[in-house]
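This is structure_29.pdb (PDB, C-alpha atoms, pLDDT in the B column).
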MODEL        1
ATOM      1  CA  MET A   1      10.645   2.444 -64.391  1.00 71.00           C
ATOM      2  CA  SER A   2       7.829   4.502 -65.792  1.00 86.00           C
ATOM      3  CA  ALA A   3       6.374   7.621 -64.222  1.00 86.00           C
ATOM      4  CA  TRP A   4       3.176   5.698 -63.545  1.00 90.00           C
ATOM      5  CA  GLY A   5       5.119   2.982 -61.663  1.00 87.00           C
ATOM      6  CA  VAL A   6       6.991   5.536 -59.579  1.00 88.00           C
ATOM      7  CA  SER A   7       3.745   7.332 -58.767  1.00 90.00           C
ATOM      8  CA  ALA A   8       2.087   4.057 -57.773  1.00 90.00           C
ATOM      9  CA  LEU A   9       5.020   3.154 -55.501  1.00 92.00           C
ATOM     10  CA  ALA A  10       4.982   6.628 -53.986  1.00 91.00           C
ATOM     11  CA  LEU A  11       1.244   6.312 -53.261  1.00 93.00           C
ATOM     12  CA  VAL A  12       1.741   2.882 -51.721  1.00 93.00           C
ATOM     13  CA  ALA A  13       4.625   4.211 -49.592  1.00 93.00           C
ATOM     14  CA  LEU A  14       2.524   7.202 -48.548  1.00 95.00           C
ATOM     15  CA  ALA A  15      -0.393   4.920 -47.635  1.00 94.00           C
ATOM     16  CA  VAL A  16       1.940   2.720 -45.561  1.00 95.00           C
ATOM     17  CA  VAL A  17       3.402   5.739 -43.757  1.00 95.00           C
ATOM     18  CA  VAL A  18      -0.076   7.184 -43.071  1.00 95.00           C
ATOM     19  CA  GLY A  19      -1.289   3.778 -41.873  1.00 95.00           C
ATOM     20  CA  LEU A  20       1.704   3.395 -39.556  1.00 96.00           C
ATOM     21  CA  ALA A  21       1.239   6.929 -38.250  1.00 96.00           C
ATOM     22  CA  LEU A  22      -2.431   6.231 -37.456  1.00 96.00           C
ATOM     23  CA  TYR A  23      -1.477   2.964 -35.776  1.00 96.00           C
ATOM     24  CA  ALA A  24       1.237   4.711 -33.730  1.00 96.00           C
ATOM     25  CA  ARG A  25      -1.299   7.344 -32.659  1.00 97.00           C
ATOM     26  CA  ARG A  26      -3.728   4.629 -31.585  1.00 97.00           C
ATOM     27  CA  LEU A  27      -0.991   2.886 -29.599  1.00 96.00           C
ATOM     28  CA  TRP A  28       0.023   6.149 -27.937  1.00 97.00           C
ATOM     29  CA  ARG A  29      -3.598   6.772 -26.867  1.00 97.00           C
ATOM     30  CA  GLU A  30      -3.749   3.246 -25.451  1.00 97.00           C
ATOM     31  CA  VAL A  31      -0.549   3.842 -23.460  1.00 97.00           C
ATOM     32  CA  ARG A  32      -1.978   7.065 -22.023  1.00 97.00           C
ATOM     33  CA  ARG A  33      -5.261   5.330 -21.192  1.00 96.00           C
ATOM     34  CA  ARG A  34      -3.446   2.518 -19.403  1.00 96.00           C
ATOM     35  CA  GLU A  35      -1.243   4.948 -17.488  1.00 95.00           C
ATOM     36  CA  ALA A  36      -4.328   6.838 -16.310  1.00 94.00           C
ATOM     37  CA  PHE A  37      -5.982   3.557 -15.321  1.00 95.00           C
ATOM     38  CA  ARG A  38      -2.837   2.530 -13.398  1.00 94.00           C
ATOM     39  CA  ARG A  39      -2.728   5.870 -11.565  1.00 90.00           C
ATOM     40  CA  ASP A  40      -6.411   5.518 -10.667  1.00 90.00           C
ATOM     41  CA  GLU A  41      -5.883   1.973  -9.399  1.00 92.00           C
ATOM     42  CA  ILE A  42      -2.927   3.048  -7.253  1.00 88.00           C
ATOM     43  CA  ALA A  43      -4.954   5.947  -5.866  1.00 86.00           C
ATOM     44  CA  ARG A  44      -7.873   3.624  -5.080  1.00 90.00           C
ATOM     45  CA  ALA A  45      -5.605   1.050  -3.442  1.00 89.00           C
ATOM     46  CA  ASN A  46      -3.890   3.732  -1.364  1.00 87.00           C
ATOM     47  CA  ARG A  47      -7.252   5.192  -0.369  1.00 90.00           C
ATOM     48  CA  ASN A  48      -8.409   1.752   0.773  1.00 93.00           C
ATOM     49  CA  CYS A  49      -5.184   1.283   2.758  1.00 93.00           C
ATOM     50  CA  ILE A  50      -5.531   4.730   4.316  1.00 94.00           C
ATOM     51  CA  ASP A  51      -9.142   3.988   5.272  1.00 94.00           C
ATOM     52  CA  SER A  52      -8.022   0.708   6.849  1.00 95.00           C
ATOM     53  CA  LEU A  53      -5.168   2.445   8.675  1.00 96.00           C
ATOM     54  CA  ALA A  54      -7.606   5.004  10.059  1.00 96.00           C
ATOM     55  CA  ALA A  55      -9.953   2.287  11.301  1.00 96.00           C
ATOM     56  CA  ILE A  56      -7.203   0.127  12.808  1.00 97.00           C
ATOM     57  CA  SER A  57      -5.438   3.027  14.503  1.00 96.00           C
ATOM     58  CA  GLN A  58      -8.754   4.211  15.961  1.00 97.00           C
ATOM     59  CA  ALA A  59      -9.452   0.682  17.189  1.00 97.00           C
ATOM     60  CA  MET A  60      -5.978   0.601  18.761  1.00 96.00           C
ATOM     61  CA  LEU A  61      -6.614   3.855  20.595  1.00 96.00           C
ATOM     62  CA  GLU A  62      -9.970   2.608  21.847  1.00 96.00           C
ATOM     63  CA  ARG A  63      -8.448  -0.804  22.746  1.00 95.00           C
ATOM     64  CA  GLN A  64     -10.902  -2.581  20.468  1.00 96.00           C
ATOM     65  CA  VAL A  65      -7.973  -4.468  18.966  1.00 93.00           C
ATOM     66  CA  ASP A  66      -4.849  -5.885  20.553  1.00 91.00           C
ATOM     67  CA  LEU A  67      -2.012  -3.361  20.210  1.00 94.00           C
ATOM     68  CA  VAL A  68       0.408  -5.921  18.773  1.00 94.00           C
ATOM     69  CA  GLU A  69      -2.162  -7.178  16.264  1.00 92.00           C
ATOM     70  CA  GLY A  70      -2.973  -3.596  15.289  1.00 94.00           C
ATOM     71  CA  ALA A  71       0.701  -2.761  14.842  1.00 95.00           C
ATOM     72  CA  LEU A  72       1.236  -5.831  12.639  1.00 93.00           C
ATOM     73  CA  ARG A  73      -1.707  -4.902  10.447  1.00 93.00           C
ATOM     74  CA  CYS A  74      -0.584  -1.269  10.245  1.00 95.00           C
ATOM     75  CA  LYS A  75       2.925  -2.355   9.220  1.00 95.00           C
ATOM     76  CA  VAL A  76       1.550  -4.266   6.228  1.00 93.00           C
ATOM     77  CA  LEU A  77      -0.646  -1.357   5.160  1.00 94.00           C
ATOM     78  CA  LEU A  78       2.123   1.217   5.587  1.00 94.00           C
ATOM     79  CA  ASP A  79       4.397  -0.938   3.445  1.00 92.00           C
ATOM     80  CA  ILE A  80       1.757  -0.908   0.715  1.00 90.00           C
ATOM     81  CA  VAL A  81       1.199   2.848   0.846  1.00 89.00           C
ATOM     82  CA  ASP A  82       4.875   3.780   1.169  1.00 87.00           C
ATOM     83  CA  HIS A  83       7.423   1.408   2.688  1.00 86.00           C
ATOM     84  CA  GLN A  84       9.533   4.359   3.840  1.00 90.00           C
ATOM     85  CA  LEU A  85       6.824   5.583   6.220  1.00 90.00           C
ATOM     86  CA  VAL A  86       7.907   3.078   8.880  1.00 90.00           C
ATOM     87  CA  THR A  87      11.363   4.640   8.875  1.00 91.00           C
ATOM     88  CA  GLN A  88       9.881   7.903  10.157  1.00 92.00           C
ATOM     89  CA  GLU A  89      10.436   8.381  13.867  1.00 93.00           C
ATOM     90  CA  ARG A  90       6.721   8.491  14.636  1.00 93.00           C
ATOM     91  CA  PHE A  91       6.139   5.063  13.031  1.00 94.00           C
ATOM     92  CA  LYS A  92       9.390   3.250  13.904  1.00 95.00           C
ATOM     93  CA  VAL A  93       7.699   1.590  16.868  1.00 96.00           C
ATOM     94  CA  ILE A  94       5.433  -0.287  14.443  1.00 96.00           C
ATOM     95  CA  ALA A  95       8.443  -1.862  12.761  1.00 94.00           C
ATOM     96  CA  GLU A  96       9.990  -2.592  16.171  1.00 95.00           C
ATOM     97  CA  VAL A  97       6.841  -4.353  17.362  1.00 96.00           C
ATOM     98  CA  GLN A  98       6.696  -6.298  14.107  1.00 94.00           C
ATOM     99  CA  ALA A  99      10.288  -7.431  14.646  1.00 94.00           C
ATOM    100  CA  GLN A 100       9.564  -8.371  18.272  1.00 93.00           C
ATOM    101  CA  ALA A 101       6.441 -10.333  17.312  1.00 91.00           C
ATOM    102  CA  ALA A 102       7.839 -11.975  14.181  1.00 88.00           C
ATOM    103  CA  HIS A 103       8.143 -15.336  15.917  1.00 86.00           C
ATOM    104  CA  LEU A 104       4.505 -15.327  17.054  1.00 86.00           C
ATOM    105  CA  ARG A 105       2.102 -17.308  14.921  1.00 83.00           C
ATOM    106  CA  THR A 106      -1.002 -15.903  13.314  1.00 78.00           C
ATOM    107  CA  HIS A 107      -4.035 -17.138  11.405  1.00 76.00           C
ATOM    108  CA  ALA A 108      -4.066 -20.861  10.574  1.00 81.00           C
ATOM    109  CA  ALA A 109      -0.661 -21.471  12.172  1.00 80.00           C
ATOM    110  CA  ARG A 110      -2.008 -20.120  15.458  1.00 81.00           C
ATOM    111  CA  SER A 111      -4.984 -22.472  15.393  1.00 81.00           C
ATOM    112  CA  GLU A 112      -2.577 -25.409  15.100  1.00 85.00           C
ATOM    113  CA  LEU A 113      -1.009 -24.571  18.468  1.00 86.00           C
ATOM    114  CA  THR A 114      -1.948 -26.407  21.607  1.00 87.00           C
ATOM    115  CA  PRO A 115      -3.835 -24.355  24.198  1.00 88.00           C
ATOM    116  CA  ARG A 116      -0.679 -24.152  26.314  1.00 92.00           C
ATOM    117  CA  GLN A 117       1.417 -22.888  23.376  1.00 90.00           C
ATOM    118  CA  ARG A 118      -1.291 -20.399  22.442  1.00 88.00           C
ATOM    119  CA  HIS A 119      -1.331 -19.153  26.055  1.00 92.00           C
ATOM    120  CA  ARG A 120       2.459 -18.654  25.997  1.00 92.00           C
ATOM    121  CA  GLU A 121       2.191 -16.680  22.781  1.00 88.00           C
ATOM    122  CA  ASP A 122      -0.631 -14.613  24.283  1.00 89.00           C
ATOM    123  CA  LEU A 123       1.583 -13.795  27.248  1.00 92.00           C
ATOM    124  CA  ALA A 124       4.371 -12.785  24.859  1.00 92.00           C
ATOM    125  CA  ARG A 125       1.936 -10.521  22.985  1.00 91.00           C
ATOM    126  CA  VAL A 126       0.812  -8.920  26.243  1.00 92.00           C
ATOM    127  CA  ALA A 127       4.437  -8.315  27.270  1.00 94.00           C
ATOM    128  CA  ILE A 128       5.213  -6.682  23.915  1.00 95.00           C
ATOM    129  CA  ALA A 129       2.049  -4.556  24.149  1.00 94.00           C
ATOM    130  CA  GLU A 130       2.941  -3.403  27.656  1.00 95.00           C
ATOM    131  CA  GLN A 131       6.512  -2.604  26.638  1.00 95.00           C
ATOM    132  CA  TYR A 132       5.450  -0.452  23.690  1.00 95.00           C
ATOM    133  CA  GLU A 133       2.015   0.759  24.835  1.00 95.00           C
ATOM    134  CA  THR A 134       2.784   4.476  25.078  1.00 96.00           C
ATOM    135  CA  ARG A 135       4.742   4.587  21.844  1.00 96.00           C
ATOM    136  CA  LEU A 136       2.066   2.569  20.021  1.00 96.00           C
ATOM    137  CA  ASP A 137      -0.586   5.008  21.227  1.00 96.00           C
ATOM    138  CA  ASP A 138       1.534   7.872  19.894  1.00 96.00           C
ATOM    139  CA  ALA A 139       1.972   6.037  16.579  1.00 96.00           C
ATOM    140  CA  ALA A 140      -1.773   5.400  16.370  1.00 96.00           C
ATOM    141  CA  ARG A 141      -2.455   9.109  16.901  1.00 96.00           C
ATOM    142  CA  ALA A 142       0.150   9.938  14.240  1.00 95.00           C
ATOM    143  CA  LEU A 143      -1.584   7.485  11.896  1.00 95.00           C
ATOM    144  CA  GLN A 144      -4.868   9.267  12.550  1.00 94.00           C
ATOM    145  CA  ALA A 145      -3.221  12.553  11.542  1.00 93.00           C
ATOM    146  CA  LEU A 146      -1.625  10.970   8.474  1.00 92.00           C
ATOM    147  CA  CYS A 147      -4.971   9.540   7.389  1.00 92.00           C
ATOM    148  CA  ALA A 148      -6.729  12.870   7.909  1.00 91.00           C
ATOM    149  CA  ASP A 149      -4.094  14.700   5.839  1.00 88.00           C
ATOM    150  CA  TRP A 150      -3.792  12.009   3.164  1.00 82.00           C
ATOM    151  CA  PRO A 151      -6.243  13.432   0.585  1.00 73.00           C
ATOM    152  CA  ASP A 152      -4.244  16.662   0.414  1.00 68.00           C
ATOM    153  CA  LYS A 153      -0.930  14.819   0.260  1.00 66.00           C
ATOM    154  CA  TRP A 154      -2.181  12.427  -2.421  1.00 58.00           C
ATOM    155  CA  ALA A 155      -3.454  15.345  -4.518  1.00 56.00           C
ATOM    156  CA  ALA A 156       0.000  16.976  -4.292  1.00 56.00           C
ATOM    157  CA  ILE A 157       1.705  13.713  -5.260  1.00 52.00           C
ATOM    158  CA  THR A 158      -0.551  13.064  -8.267  1.00 50.00           C
ATOM    159  CA  GLN A 159      -0.270  16.651  -9.505  1.00 53.00           C
ATOM    160  CA  ALA A 160       3.534  16.439  -9.345  1.00 51.00           C
ATOM    161  CA  ALA A 161       3.541  13.189 -11.353  1.00 49.00           C
TER     162      ALA A 161
ENDMDL
END
Would you kindly transcribe this structure into structure tokens?
Amino acid sequence: MSAWGVSALALVALAVVVGLALYARRLWREVRRREAFRRDEIARANRNCIDSLAAISQAMLERQVDLVEGALRCKVLLDIVDHQLVTQERFKVIAEVQAQAAHLRTHAARSELTPRQRHREDLARVAIAEQYETRLDDAARALQALCADWPDKWAAITQAA
């Protein structure tokens, strides 16, 4: 092979390597952009959940919402934010209430009940609420504290990541 042929092949190889390097750099930037977007979306979703938890727990304390209904809604939101939160002593009652009320129907299934069945389920909800009232109030106050402290905790979590 002539010197010209070797030089041409070397230039082609160099162009391919440079092209691949530029493409790899572009892909790496896209990965970083997507990771930042994902972190922002998680932070926004958690912020929305925390805002909802604050509103529901306040409504529970002011008896604007049924305690059992509030606990069920809080359980779902806590699972979204961090499913291990309900294992903490201060929030265990929420999981207990959820377990106690698991057989009770909600939403469309509740509307399909006869008035008598709905009344029985209402009585069951009242009994659960009375049984756990004090502990649910304590959990609601703990949720208020968690929600108030959340911006600082989230900042610490995101800086560590």
Could you state the separation of CA of Val65 (chain A) and CA of Ile94 (chain A) in Å, given to one decimal place? 14.8 Å
With a distance cut-off of 9 Å and only C-alpha atoms, select the neighbouring residues of region 79-91 of chain A, excluding the residue or stretch itself and same-chain residues fewer than 6 positions from it, and output the selection as a PyMOL selection string. chain A and resi 45-47+49-50+135-136+138-140+142-143
Report as number ranges by chain all protein, DNA and RNA residues lying within 7 Å of region 52-57 of chain A, evaluated on all atoms listed in the file, omitting residues in the same chain fewer than 3 positions from it. A: 48-49, 60-61, 70, 74, 77, 140, 143-144, 147
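Residues in contact range of His107 (chain A), defined as at most 12 Å between all atoms listed in the file, with sequence neighbours fewer than 4 positions away removed, read A:Glu69, A:Ser111, A:Glu112, A:Leu113, A:Arg118.
Residue nearest Arg141 (chain A) within the list A:Gln58, A:Val93, A:Leu104, A:Arg63: A:Gln58 [criterion: smallest interatomic distance, all atoms listed in the file].
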Just how far from CA of Arg116 (chain A) is CA of Val76 (chain A), in Å to one decimal? 28.4 Å
Using only C-alpha atoms, I'd like a table of the residues in region 31-84 of chain A that come within 12 Å of region 123-127 of chain A; for each, show the closest atom pair and its distance in Å rounded to one decimal, ordered by chain and ascending number, as JSON lines.
{"residue": "A:Asp66", "atom": "CA", "partner": "A:Arg125", "partner_atom": "CA", "distance": 8.6}
{"residue": "A:Leu67", "atom": "CA", "partner": "A:Arg125", "partner_atom": "CA", "distance": 8.6}
{"residue": "A:Val68", "atom": "CA", "partner": "A:Arg125", "partner_atom": "CA", "distance": 6.4}
{"residue": "A:Glu69", "atom": "CA", "partner": "A:Arg125", "partner_atom": "CA", "distance": 8.6}
{"residue": "A:Gly70", "atom": "CA", "partner": "A:Arg125", "partner_atom": "CA", "distance": 11.5}
{"residue": "A:Ala71", "atom": "CA", "partner": "A:Arg125", "partner_atom": "CA", "distance": 11.3}
{"residue": "A:Leu72", "atom": "CA", "partner": "A:Arg125", "partner_atom": "CA", "distance": 11.4}
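Take CA of Arg73 (chain A) and CA of Ala43 (chain A): the distance between them is 19.9 Å.
Nearest residue to Pro151 (chain A), choosing from A:Glu96, A:Val31, A:Ala101, A:Asp51 and counting all atoms listed in the file: A:Asp51.
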Produce the centre coordinates and the three edge lengths, each in Å to one decimal, of the box along x, y and z that contains all listed atoms of region 41-44 of chain A with 8 Å added on each side, as JSON.
{"center_x": -5.4, "center_y": 4.0, "center_z": -7.2, "size_x": 20.9, "size_y": 20.0, "size_z": 20.3}
